[in-house]
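Here is the structure we will look at.
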Number of protein chains: 2
Amino acid sequence: MLTAAEQVFAARGLDASLEEVAAAAGVGVGTVYRRFPSKAALLEAVFERGIDLGVELLTECRELPTGWAALTEYLRRSLLEQSGDRGLHEFLYLAEAAGLHFDRLRTRVEPLLTAIVEQAKSEGALRPDFRATDIPPLILMLSRLSHTDRVLGPPLAHRYLELLLKGLAPSPDPVPITPPIDDDTLETWFTALRRPPRTTPPHRTP
Amino acid sequence: MLTAAEQVFAARGLDASLEEVAAAAGVGVGTVYRRFPSKAALLEAVFERGIDLGVELLTECRELPTGWAALTEYLRRSLLEQSGDRGLHEFLYLAEAAGLHFDRLRTRVEPLLTAIVEQAKSEGALRPDFRATDIPPLILMLSRLSHTDRVLGPPLAHRYLELLLKGLAPSPDPVPITPPIDDDTLETWFTALRRPPRTTPPHRTP
DNA sequence: CTTAAGCGGAATGGCGAATTCCGGATAAGG
DNA sequence: CCTTATCCGGAATTCGCCATTCCGCTTAAG
């Protein structure tokens, strides 16, 4: 059932109704509610697992011989797997809901990304001004295409990923490009995201 | 008022309520309805203008001395201006609504894009396997970042555009990348988009 | 002062979706 | 085979959220 939920949210986005989830799981809505007290709880479970899968993928990729290989492999597979799903992106997109999980994302995912990026740089395969925090936005934007169209999107995303990768090599003439987000700004942003927990009493509890 | 509508739809997406639009324009909803008979009509007007602006921008860019300059300038400015807005993207994203306008987009915008791309290729500045139809998806994905965050997004989009542009140069060793959409597929897709006009009688008309 | 046009924004009506709840199905126990 | 405690499916219930409508007030011309 959790698997069905993952697929539905990935395909239809967070607005997918529980009825759709139930149908996909081959059960009735009532049954979904017996397993998860609310839609929020179900989403929580789905994203928890999403993060786990991401960490797992990252760990796997780190075993590749070079940092560059790890980086490219991670990006490629991210676009194919759960990271490319619409639900996760809307999740990151919706500030209110996201606040909760950003800590976990940062704690568990960021160190792995940094390690890979640093390794790739030390190999001279990656331009020095690239940063680990560039990766989530890259995945976010590339997977946008998958959401526009399930059929055309994924190949296109890969096409543009390949173009992008060509741009990631250190240039002989290090023309500076627009700088990435600096850490302070990022911190401020995360903090802002955590602010509004939004009162959500979708139904009375008499 | 149309300007206010553009801004609101750009910022909040197509789901923005007319109340928001009215507030932004500093008027009441009633006044909006006196100018446009329905929300659909307002959207129609907004996108009509969006296309006009796009054509105008493209025409301006064509006057630059090289095709490459025209291409990069167009991409850069698209990300700043209306093409980078959320409303237009949701518009393209929502198949039903889009059908109407695709014809106009293709008729008016595509030829200009093709001309620029061909010129840039003939200058040897652009890899030969790049195509005019790659441009809309590129803008689409880059502007995704602006939608995630109004403050961080635009600079990031430009950062990744610059990386991407580095990847667009013809490579000395022409390693083939994932091919773009072929014309037939694109045609099929457009046709599919035109299919469901969706019956939308949001209110009774007694 | 009268009156008509233009407005703002409260009131209406529907829709879609989360949550609740009940009647029937299933299966263990006697 | 009958009884009864569980477990389900999915219809029914409520909400919240808009698009759209409508009416009383303001404004200013006549």
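Lettering and numbering for the structure tokens are positional, with chains as A, B, ... in the shown order, residues counted from 1 in each chain, and ligands counted from 1 in the shown order.
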(message) Please check the contacts: residues of chain D at most 8 Å away from chain B, using only C-alpha atoms (C1' of nucleotides), listed as a ChimeraX atom specification.
(response) /D:18-20
(message) Give me the residues near D:DC23 as a list in words, where near means some atom within 12 Å (using only C-alpha atoms (C1' of nucleotides)) and where sequence neighbours in that chain fewer than 4 positions away do not count.
(response)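 Residues meeting the cut-off are Gly30 of chain B; DC7, DG8, DG9, DA10 and DA11 of chain C.
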(request) Quick one: everything within 7 Å of stretch 160-172 of chain A, counting only C-alpha atoms (C1' of nucleotides), minus sequence neighbours fewer than 4 positions away in the same chain. Send it as a PyMOL selection string. (result) (chain A and resi 125-128+156) or (chain B and resi 163-164+166-168+177)
Keeping only N, CA and C atoms, write those residues as a compact mmCIF listing (two decimals), in the first residue's frame.
```
# COMPACT_ATOMS: atom_id res chain seq x y z
N ALA A 125 38.12 16.64 -12.23
CA ALA A 125 37.08 16.36 -13.21
C ALA A 125 35.93 17.35 -13.12
N LEU A 126 35.91 18.10 -12.05
CA LEU A 126 34.77 18.98 -11.79
C LEU A 126 35.24 20.40 -11.54
N ARG A 127 34.57 21.35 -12.13
CA ARG A 127 34.97 22.75 -11.94
C ARG A 127 34.93 23.11 -10.46
N PRO A 128 35.89 23.87 -10.02
CA PRO A 128 36.05 24.13 -8.59
C PRO A 128 34.91 24.94 -7.99
N LEU A 156 14.23 13.61 -22.37
CA LEU A 156 14.68 14.99 -22.47
C LEU A 156 15.54 15.38 -21.27
N LEU B 163 26.10 27.11 -17.05
CA LEU B 163 26.73 25.79 -17.14
C LEU B 163 26.26 25.09 -18.41
N LEU B 164 24.97 25.20 -18.64
CA LEU B 164 24.37 24.54 -19.79
C LEU B 164 24.95 25.11 -21.07
N LYS B 166 27.79 26.26 -21.59
CA LYS B 166 29.12 25.70 -21.81
C LYS B 166 29.01 24.33 -22.48
N GLY B 167 27.93 23.64 -22.17
CA GLY B 167 27.74 22.32 -22.76
C GLY B 167 27.22 22.38 -24.19
N LEU B 168 26.83 23.55 -24.61
CA LEU B 168 26.23 23.68 -25.95
C LEU B 168 27.25 23.88 -27.06
N ILE B 177 24.82 12.49 -27.78
CA ILE B 177 24.04 12.46 -26.55
C ILE B 177 22.64 11.98 -26.87
```
(request) For chain C, list the residues within 9 Å of chain A, counting only C-alpha atoms (C1' of nucleotides), and write the list as a VMD selection string. (result) chain C and resid 17 to 20
